[in-house]
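J.: Structure in structure tokens, see below.
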Amino acid sequence: MILYYIDESGTGLKDTRSPYFVLSAIAIPAENNQALNQAIIDLKSDMVSWARPEDFEIKGRDLRRGNKAFKSLDWKQRSRIFLDIATLLSDFPCHIIAVQVDTRDLPEYISTDTELYRIAFWRLLDAIEADLVARNRSGMTLMDARSNLHSSIQDKRTIQAYQEWLHSRGHSHLVDVPWFGFSAFYAGLQMADFTAYLVDFVANETTPDRRRSAPLLEAFQRISEKTTLFRIP
């Protein structure tokens, strides 16, 4: 069984801050999943000494900006964390599959964020299915819950997109519809966020401040050999 933890980065169609939307999946053999959990726990224990590892999440945006649990860390400390996480992933038995959508070049009928998410998700599912066929393994997708306790609309849309994709194929090595969880509870989801953020950052990188950008570009280079990137269009 291969576990595919999935998260997103970037912006929607109407957000002019970035032209890119990214979905990233980190593929982990189930027999190695607990080892990843322990490695992330150990790493988080070194990051923030005053908190338990389960008290905070590794999120690429927060880490770069020095928000939330990382507020007390200076840029040198935070950039070191980026490199430590990337090194961990480069050494770990995992694979990263990412889909990057350039929203500036989409056809006119892709006019809503729901449609944008669907085409990215379908492309990612195609790549996951090809990965499972090559491995001759079954798999599960685990995604960050986008809904709250009072509404399941966004997660329902994801399930519907999956079911439409499955209907078009007729068969899949994925054993069920996507499972949802809160990223604070799953190291795999935090790593999916981290990888999605790095892919998105590299695509958008225009800052002349090399001191700020160089560690993130180096972090991406450390995982690049394990990353398969698909671009739309």
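All residue names refer to the structure tokens as shown: chains lettered A, B, ... in order, residues numbered from 1 in each chain, ligands numbered from 1 in order.
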Residues within 8 Å of range 162-164 of chain A, please, as a ChimeraX atom specification. Count only C-alpha atoms; anything in the same chain fewer than 3 positions from it doesn't count.

T.: /A:121-122,158-159,167-168,177-178

J.: Would you kindly return, as a ChimeraX atom specification, each protein, DNA or RNA residue with an atom no farther than 12 Å from any atom of Arg137 in chain A, considering only C-alpha atoms and excluding same-chain residues fewer than 4 positions away?

T.: /A:1-3,27-30,128-133,172-175

J.: Residues of range 66-136 of chain A that approach range 198-202 of chain A to 12 Å or less, counting only C-alpha atoms: could you list each one with the shortest pair of atoms and its distance in Å to one decimal, rows by chain and increasing residue number, as JSON lines?

T.:
```
{"residue": "A:Phe82", "atom": "CA", "partner": "A:Leu198", "partner_atom": "CA", "distance": 9.5}
{"residue": "A:Leu83", "atom": "CA", "partner": "A:Leu198", "partner_atom": "CA", "distance": 11.3}
{"residue": "A:Ile85", "atom": "CA", "partner": "A:Leu198", "partner_atom": "CA", "distance": 11.4}
{"residue": "A:Ala86", "atom": "CA", "partner": "A:Leu198", "partner_atom": "CA", "distance": 9.7}
{"residue": "A:Ile96", "atom": "CA", "partner": "A:Val199", "partner_atom": "CA", "distance": 10.6}
{"residue": "A:Ile97", "atom": "CA", "partner": "A:Val199", "partner_atom": "CA", "distance": 10.5}
{"residue": "A:Ala98", "atom": "CA", "partner": "A:Val199", "partner_atom": "CA", "distance": 7.8}
{"residue": "A:Val99", "atom": "CA", "partner": "A:Val199", "partner_atom": "CA", "distance": 9.1}
{"residue": "A:Gln100", "atom": "CA", "partner": "A:Asp200", "partner_atom": "CA", "distance": 7.7}
{"residue": "A:Val101", "atom": "CA", "partner": "A:Asp200", "partner_atom": "CA", "distance": 9.9}
{"residue": "A:Asp102", "atom": "CA", "partner": "A:Asp200", "partner_atom": "CA", "distance": 10.6}
```

J.: Now that the selection is made, can you save its residues with all heavy atoms as a PDB file, in the first residue's frame?

T.:
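Listing of selection_10.pdb after writing:
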```
ATOM      1  N   PHE A  82      14.300  24.931   6.734  1.00  0.00           N
ATOM      2  CA  PHE A  82      13.938  24.567   5.360  1.00  0.00           C
ATOM      3  C   PHE A  82      14.910  23.516   4.818  1.00  0.00           C
ATOM      4  O   PHE A  82      14.495  22.514   4.225  1.00  0.00           O
ATOM      5  CB  PHE A  82      13.969  25.808   4.458  1.00  0.00           C
ATOM      6  CG  PHE A  82      12.653  26.503   4.321  1.00  0.00           C
ATOM      7  CD1 PHE A  82      12.427  27.706   4.962  1.00  0.00           C
ATOM      8  CD2 PHE A  82      11.634  25.965   3.547  1.00  0.00           C
ATOM      9  CE1 PHE A  82      11.213  28.365   4.837  1.00  0.00           C
ATOM     10  CE2 PHE A  82      10.412  26.602   3.413  1.00  0.00           C
ATOM     11  CZ  PHE A  82      10.206  27.813   4.058  1.00  0.00           C
ATOM     12  N   LEU A  83      16.186  23.747   5.012  1.00  0.00           N
ATOM     13  CA  LEU A  83      17.190  22.832   4.477  1.00  0.00           C
ATOM     14  C   LEU A  83      17.174  21.497   5.213  1.00  0.00           C
ATOM     15  O   LEU A  83      17.360  20.444   4.586  1.00  0.00           O
ATOM     16  CB  LEU A  83      18.571  23.482   4.576  1.00  0.00           C
ATOM     17  CG  LEU A  83      18.764  24.729   3.703  1.00  0.00           C
ATOM     18  CD1 LEU A  83      20.097  25.393   4.023  1.00  0.00           C
ATOM     19  CD2 LEU A  83      18.670  24.376   2.228  1.00  0.00           C
ATOM     20  N   ILE A  85      14.552  20.023   6.605  1.00  0.00           N
ATOM     21  CA  ILE A  85      13.384  19.253   6.152  1.00  0.00           C
ATOM     22  C   ILE A  85      13.632  18.687   4.758  1.00  0.00           C
ATOM     23  O   ILE A  85      13.335  17.512   4.483  1.00  0.00           O
ATOM     24  CB  ILE A  85      12.115  20.128   6.154  1.00  0.00           C
ATOM     25  CG1 ILE A  85      11.772  20.567   7.572  1.00  0.00           C
ATOM     26  CG2 ILE A  85      10.933  19.354   5.552  1.00  0.00           C
ATOM     27  CD1 ILE A  85      10.667  21.605   7.639  1.00  0.00           C
ATOM     28  N   ALA A  86      14.181  19.512   3.873  1.00  0.00           N
ATOM     29  CA  ALA A  86      14.461  19.045   2.509  1.00  0.00           C
ATOM     30  C   ALA A  86      15.467  17.896   2.512  1.00  0.00           C
ATOM     31  O   ALA A  86      15.330  16.928   1.751  1.00  0.00           O
ATOM     32  CB  ALA A  86      14.969  20.203   1.659  1.00  0.00           C
ATOM     33  N   ILE A  96       7.726  12.539  -4.662  1.00  0.00           N
ATOM     34  CA  ILE A  96       6.850  13.710  -4.686  1.00  0.00           C
ATOM     35  C   ILE A  96       6.303  13.884  -6.097  1.00  0.00           C
ATOM     36  O   ILE A  96       7.059  13.871  -7.074  1.00  0.00           O
ATOM     37  CB  ILE A  96       7.621  14.971  -4.248  1.00  0.00           C
ATOM     38  CG1 ILE A  96       8.149  14.805  -2.816  1.00  0.00           C
ATOM     39  CG2 ILE A  96       6.734  16.211  -4.354  1.00  0.00           C
ATOM     40  CD1 ILE A  96       9.315  15.700  -2.484  1.00  0.00           C
ATOM     41  N   ILE A  97       4.990  14.035  -6.183  1.00  0.00           N
ATOM     42  CA  ILE A  97       4.324  14.301  -7.458  1.00  0.00           C
ATOM     43  C   ILE A  97       3.608  15.632  -7.316  1.00  0.00           C
ATOM     44  O   ILE A  97       2.807  15.814  -6.399  1.00  0.00           O
ATOM     45  CB  ILE A  97       3.313  13.200  -7.815  1.00  0.00           C
ATOM     46  CG1 ILE A  97       3.984  11.824  -7.844  1.00  0.00           C
ATOM     47  CG2 ILE A  97       2.639  13.496  -9.155  1.00  0.00           C
ATOM     48  CD1 ILE A  97       2.996  10.673  -7.959  1.00  0.00           C
ATOM     49  N   ALA A  98       3.909  16.571  -8.196  1.00  0.00           N
ATOM     50  CA  ALA A  98       3.304  17.897  -8.100  1.00  0.00           C
ATOM     51  C   ALA A  98       2.699  18.303  -9.436  1.00  0.00           C
ATOM     52  O   ALA A  98       3.239  17.985 -10.506  1.00  0.00           O
ATOM     53  CB  ALA A  98       4.334  18.929  -7.654  1.00  0.00           C
ATOM     54  N   VAL A  99       1.578  19.016  -9.360  1.00  0.00           N
ATOM     55  CA  VAL A  99       0.922  19.585 -10.541  1.00  0.00           C
ATOM     56  C   VAL A  99       0.894  21.095 -10.357  1.00  0.00           C
ATOM     57  O   VAL A  99       0.413  21.598  -9.342  1.00  0.00           O
ATOM     58  CB  VAL A  99      -0.505  19.046 -10.712  1.00  0.00           C
ATOM     59  CG1 VAL A  99      -1.217  19.769 -11.855  1.00  0.00           C
ATOM     60  CG2 VAL A  99      -0.487  17.542 -10.960  1.00  0.00           C
ATOM     61  N   GLN A 100       1.420  21.799 -11.341  1.00  0.00           N
ATOM     62  CA  GLN A 100       1.476  23.261 -11.299  1.00  0.00           C
ATOM     63  C   GLN A 100       0.633  23.817 -12.440  1.00  0.00           C
ATOM     64  O   GLN A 100       0.881  23.531 -13.609  1.00  0.00           O
ATOM     65  CB  GLN A 100       2.930  23.727 -11.434  1.00  0.00           C
ATOM     66  CG  GLN A 100       3.127  25.227 -11.439  1.00  0.00           C
ATOM     67  CD  GLN A 100       4.546  25.565 -11.855  1.00  0.00           C
ATOM     68  OE1 GLN A 100       4.867  25.681 -13.033  1.00  0.00           O
ATOM     69  NE2 GLN A 100       5.425  25.685 -10.872  1.00  0.00           N
ATOM     70  N   VAL A 101      -0.387  24.606 -12.087  1.00  0.00           N
ATOM     71  CA  VAL A 101      -1.284  25.193 -13.082  1.00  0.00           C
ATOM     72  C   VAL A 101      -0.964  26.673 -13.230  1.00  0.00           C
ATOM     73  O   VAL A 101      -0.970  27.421 -12.242  1.00  0.00           O
ATOM     74  CB  VAL A 101      -2.762  25.034 -12.679  1.00  0.00           C
ATOM     75  CG1 VAL A 101      -3.675  25.556 -13.788  1.00  0.00           C
ATOM     76  CG2 VAL A 101      -3.085  23.576 -12.363  1.00  0.00           C
ATOM     77  N   ASP A 102      -0.678  27.083 -14.458  1.00  0.00           N
ATOM     78  CA  ASP A 102      -0.508  28.502 -14.764  1.00  0.00           C
ATOM     79  C   ASP A 102      -1.881  29.044 -15.157  1.00  0.00           C
ATOM     80  O   ASP A 102      -2.383  28.765 -16.248  1.00  0.00           O
ATOM     81  CB  ASP A 102       0.493  28.690 -15.901  1.00  0.00           C
ATOM     82  CG  ASP A 102       0.849  30.152 -16.135  1.00  0.00           C
ATOM     83  OD1 ASP A 102       0.045  31.028 -15.766  1.00  0.00           O
ATOM     84  OD2 ASP A 102       1.935  30.420 -16.679  1.00  0.00           O
TER      85      ASP A 102
END
```

J.: Of the residues A:Asp176, A:Glu225, A:Ser183, A:Arg17, which is the one nearest to Ser138 in chain A, using only C-alpha atoms?

T.: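 Comparing A:Asp176, A:Glu225, A:Ser183, A:Arg17 against Ser138 in chain A, the winner is A:Asp176.
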
J.: Counting only C-alpha atoms, which of A:Phe92, A:Trp75, A:Phe194, A:Tyr117 gets nearest to Leu13 in chain A?

T.: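 Nearest candidate to Leu13 in chain A out of A:Phe92, A:Trp75, A:Phe194, A:Tyr117: A:Tyr117.
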
J.: Have a look at CA of Thr227 in chain A and CA of Glu54 in chain A and let me know their distance in Å, one decimal.

T.: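 Computing it gives 27.1 Å between the two atoms.
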
J.: Pick the closest to Ala120 in chain A from A:Ser79, A:Ser9, A:Ser90, A:Thr16: which is it, counting only C-alpha atoms?

T.: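 Checking each candidate against Ala120 in chain A, we get A:Ser9 as the closest.
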